[in-house]
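Heads up, the thing below is written out as structure tokens.
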Amino acid sequence: QVQLVESGGGLVQAGGSLRLSCAASGRTFSAYSMGWFRQAPGKGRDLIAAISSSETNIYYADSVKGRFTISRDNAKNTVYLQMNSLKPEDTAVYSCATHLDSKGWDSWGQGTQVTVSS
């Protein structure tokens with residue numbers, strides 16, 4: 001099983017930017033699609049961005065489209081989420097996860113808190 005560790009969260013003012021990183025252990029990182037999820041207080045966990053293993057397919061939720069960019073570096077076993085033009089409603093715990101067609105969303109990181117002040 002892949003172990004994932006997120007970093008890069010913090011407190012930022014509205015309109016600001018943050019870059020989240022998700023570092024994966026293991027030698028099979030390049031085989032997985034990767035996703036970023038977020039969970040706001042009192043709400044469910046939502047998929048906001050995903051990238052296929054070959055980077056040919058990328059998905060964004062409507063709520064972040066045009067503001068967030070997902071990318072990956074298979075040589076570094078890392079997936080990134082560049083977040084620009086942040087809004088208070090982006091405040092949440094952000095987690096990354098691995099995906100295989102045979103298993104679905106499988107391994108999860110512990111999450112990193114992002115707080116956007118108005």
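Ordered as shown in the structure tokens, chains take letters A, B, and onward, while each chain numbers its residues from 1 and ligands are numbered from 1 in the order shown.
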Next on the checklist: Can you tell me which residues surround Leu11 (chain A) at a distance of at most 8 Å, considering only C-alpha atoms, apart from same-chain residues fewer than 3 positions away, and format the answer as a PyMOL selection string?
Outcome noted: chain A and resi 114-117
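Of note, CA of Gln82 (chain A) and CA of Ala23 (chain A) are spaced 14.7 Å apart.
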Can you list, as a short mmCIF file (atom, residue, chain, number, x, y, z; two decimals) with all heavy atoms, in the first residue's frame, every protein, DNA or RNA residue that comes within 12 Å of Tyr60 (chain A) when you count only C-alpha atoms, leaving out same-chain residues fewer than 4 positions away?
data_model
loop_
_atom_site.label_atom_id
_atom_site.label_comp_id
_atom_site.auth_asym_id
_atom_site.auth_seq_id
_atom_site.Cartn_x
_atom_site.Cartn_y
_atom_site.Cartn_z
N GLY A 35 -5.60 11.93 -6.86
CA GLY A 35 -6.65 12.93 -6.68
C GLY A 35 -6.43 13.76 -5.44
O GLY A 35 -5.76 13.34 -4.50
N TRP A 36 -7.00 14.95 -5.48
CA TRP A 36 -7.07 15.82 -4.31
C TRP A 36 -8.53 15.95 -3.90
O TRP A 36 -9.40 16.23 -4.73
CB TRP A 36 -6.50 17.20 -4.61
CG TRP A 36 -5.01 17.27 -4.63
CD1 TRP A 36 -4.20 17.23 -5.72
CD2 TRP A 36 -4.14 17.37 -3.49
NE1 TRP A 36 -2.88 17.31 -5.34
CE2 TRP A 36 -2.82 17.40 -3.98
CE3 TRP A 36 -4.36 17.45 -2.11
CZ2 TRP A 36 -1.71 17.51 -3.13
CZ3 TRP A 36 -3.26 17.56 -1.28
CH2 TRP A 36 -1.96 17.58 -1.77
N PHE A 37 -8.76 15.74 -2.62
CA PHE A 37 -10.09 15.88 -2.03
C PHE A 37 -10.03 16.98 -0.98
O PHE A 37 -8.96 17.32 -0.48
CB PHE A 37 -10.51 14.58 -1.33
CG PHE A 37 -10.80 13.44 -2.26
CD1 PHE A 37 -9.77 12.74 -2.88
CD2 PHE A 37 -12.11 13.03 -2.49
CE1 PHE A 37 -10.04 11.68 -3.74
CE2 PHE A 37 -12.39 11.96 -3.32
CZ PHE A 37 -11.35 11.29 -3.94
N ASP A 46 -15.11 15.90 -0.80
CA ASP A 46 -15.37 16.09 -2.23
C ASP A 46 -14.09 15.98 -3.04
O ASP A 46 -13.06 16.54 -2.65
CB ASP A 46 -15.98 17.47 -2.50
CG ASP A 46 -17.35 17.62 -1.86
OD1 ASP A 46 -18.13 16.65 -1.85
OD2 ASP A 46 -17.64 18.73 -1.37
N LEU A 47 -14.17 15.31 -4.16
CA LEU A 47 -13.07 15.28 -5.11
C LEU A 47 -13.03 16.62 -5.84
O LEU A 47 -14.03 17.03 -6.43
CB LEU A 47 -13.26 14.13 -6.10
CG LEU A 47 -12.25 14.05 -7.23
CD1 LEU A 47 -10.86 13.71 -6.69
CD2 LEU A 47 -12.69 13.02 -8.27
N ILE A 48 -11.88 17.27 -5.83
CA ILE A 48 -11.78 18.56 -6.50
C ILE A 48 -10.84 18.54 -7.70
O ILE A 48 -10.97 19.38 -8.59
CB ILE A 48 -11.35 19.69 -5.53
CG1 ILE A 48 -10.01 19.36 -4.87
CG2 ILE A 48 -12.44 19.94 -4.50
CD1 ILE A 48 -9.42 20.52 -4.12
N ALA A 49 -9.92 17.61 -7.75
CA ALA A 49 -9.00 17.53 -8.88
C ALA A 49 -8.42 16.12 -8.95
O ALA A 49 -8.22 15.49 -7.92
CB ALA A 49 -7.87 18.56 -8.76
N ALA A 50 -8.16 15.68 -10.18
CA ALA A 50 -7.57 14.36 -10.36
C ALA A 50 -6.73 14.37 -11.62
O ALA A 50 -7.00 15.12 -12.57
CB ALA A 50 -8.64 13.28 -10.45
N ILE A 51 -5.71 13.51 -11.62
CA ILE A 51 -4.80 13.41 -12.76
C ILE A 51 -4.47 11.95 -12.99
O ILE A 51 -4.19 11.21 -12.05
CB ILE A 51 -3.54 14.26 -12.51
CG1 ILE A 51 -2.65 14.31 -13.74
CG2 ILE A 51 -2.77 13.80 -11.28
CD1 ILE A 51 -1.54 15.37 -13.66
N VAL A 64 -13.48 24.74 -8.48
CA VAL A 64 -12.08 25.14 -8.48
C VAL A 64 -11.53 25.34 -9.89
O VAL A 64 -10.39 25.78 -10.06
CB VAL A 64 -11.20 24.11 -7.74
CG1 VAL A 64 -11.74 23.88 -6.33
CG2 VAL A 64 -11.10 22.80 -8.51
N LYS A 65 -12.33 25.05 -10.90
CA LYS A 65 -11.86 25.13 -12.27
C LYS A 65 -11.42 26.55 -12.60
O LYS A 65 -12.12 27.53 -12.28
CB LYS A 65 -12.99 24.68 -13.21
CG LYS A 65 -12.55 24.29 -14.60
CD LYS A 65 -13.72 23.70 -15.38
CE LYS A 65 -14.18 22.38 -14.80
NZ LYS A 65 -15.28 21.77 -15.59
N GLY A 66 -10.24 26.67 -13.20
CA GLY A 66 -9.71 27.98 -13.56
C GLY A 66 -8.88 28.62 -12.46
O GLY A 66 -8.19 29.61 -12.69
N ARG A 67 -8.95 28.06 -11.24
CA ARG A 67 -8.18 28.63 -10.12
C ARG A 67 -7.13 27.64 -9.61
O ARG A 67 -6.07 28.06 -9.15
CB ARG A 67 -9.12 28.98 -8.97
CG ARG A 67 -10.16 30.02 -9.32
CD ARG A 67 -10.95 30.45 -8.08
NE ARG A 67 -11.68 29.36 -7.47
CZ ARG A 67 -11.53 28.98 -6.19
NH1 ARG A 67 -10.67 29.61 -5.41
NH2 ARG A 67 -12.25 27.97 -5.71
N PHE A 68 -7.42 26.36 -9.66
CA PHE A 68 -6.52 25.33 -9.15
C PHE A 68 -5.92 24.54 -10.31
O PHE A 68 -6.57 24.34 -11.34
CB PHE A 68 -7.26 24.34 -8.25
CG PHE A 68 -7.74 24.90 -6.93
CD1 PHE A 68 -7.70 26.26 -6.65
CD2 PHE A 68 -8.24 24.04 -5.95
CE1 PHE A 68 -8.13 26.76 -5.44
CE2 PHE A 68 -8.68 24.52 -4.73
CZ PHE A 68 -8.63 25.89 -4.49
N THR A 69 -4.68 24.08 -10.11
CA THR A 69 -4.00 23.27 -11.12
C THR A 69 -3.36 22.07 -10.45
O THR A 69 -2.58 22.23 -9.51
CB THR A 69 -2.92 24.08 -11.84
OG1 THR A 69 -3.50 25.24 -12.46
CG2 THR A 69 -2.26 23.23 -12.93
N ILE A 70 -3.70 20.89 -10.93
CA ILE A 70 -3.08 19.67 -10.44
C ILE A 70 -1.96 19.26 -11.38
O ILE A 70 -2.07 19.41 -12.60
CB ILE A 70 -4.12 18.53 -10.28
CG1 ILE A 70 -3.51 17.32 -9.58
CG2 ILE A 70 -4.72 18.14 -11.63
CD1 ILE A 70 -4.53 16.25 -9.19
N SER A 71 -0.88 18.77 -10.81
CA SER A 71 0.24 18.29 -11.61
C SER A 71 0.95 17.18 -10.83
O SER A 71 0.69 16.98 -9.65
CB SER A 71 1.21 19.42 -11.94
OG SER A 71 1.77 19.96 -10.76
N LEU A 81 -0.91 20.49 -5.96
CA LEU A 81 -2.12 21.25 -6.22
C LEU A 81 -1.79 22.73 -6.02
O LEU A 81 -1.59 23.18 -4.90
CB LEU A 81 -3.26 20.83 -5.28
CG LEU A 81 -4.61 21.47 -5.60
CD1 LEU A 81 -5.14 20.96 -6.94
CD2 LEU A 81 -5.62 21.21 -4.49
#
Next on the checklist: Taking only region 56-90 of chain A into account, list the residues labelled strand (DSSP E or B) by DSSP (computed from the backbone), as a ChimeraX atom specification.
Outcome noted: /A:58-60,68-73,78-83
Store the residues picked out above in a file with C-alpha atoms, as a CSV table (one decimal), in the first residue's frame.
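What landed in selection33.csv:
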chain,number,residue,atom,x,y,z
A,58,ILE,CA,-7.2,15.8,-15.8
A,59,TYR,CA,-10.4,16.5,-13.9
A,60,TYR,CA,-11.5,19.6,-11.9
A,68,PHE,CA,-6.5,25.3,-9.1
A,69,THR,CA,-4.0,23.3,-11.1
A,70,ILE,CA,-3.1,19.7,-10.4
A,71,SER,CA,0.2,18.3,-11.6
A,72,ARG,CA,2.6,15.4,-10.8
A,73,ASP,CA,6.2,14.5,-11.0
A,78,THR,CA,4.8,13.7,-5.8
A,79,VAL,CA,1.5,15.3,-6.9
A,80,TYR,CA,0.9,19.0,-6.5
A,81,LEU,CA,-2.1,21.3,-6.2
A,82,GLN,CA,-1.5,24.9,-7.1
A,83,MET,CA,-4.3,27.0,-5.6
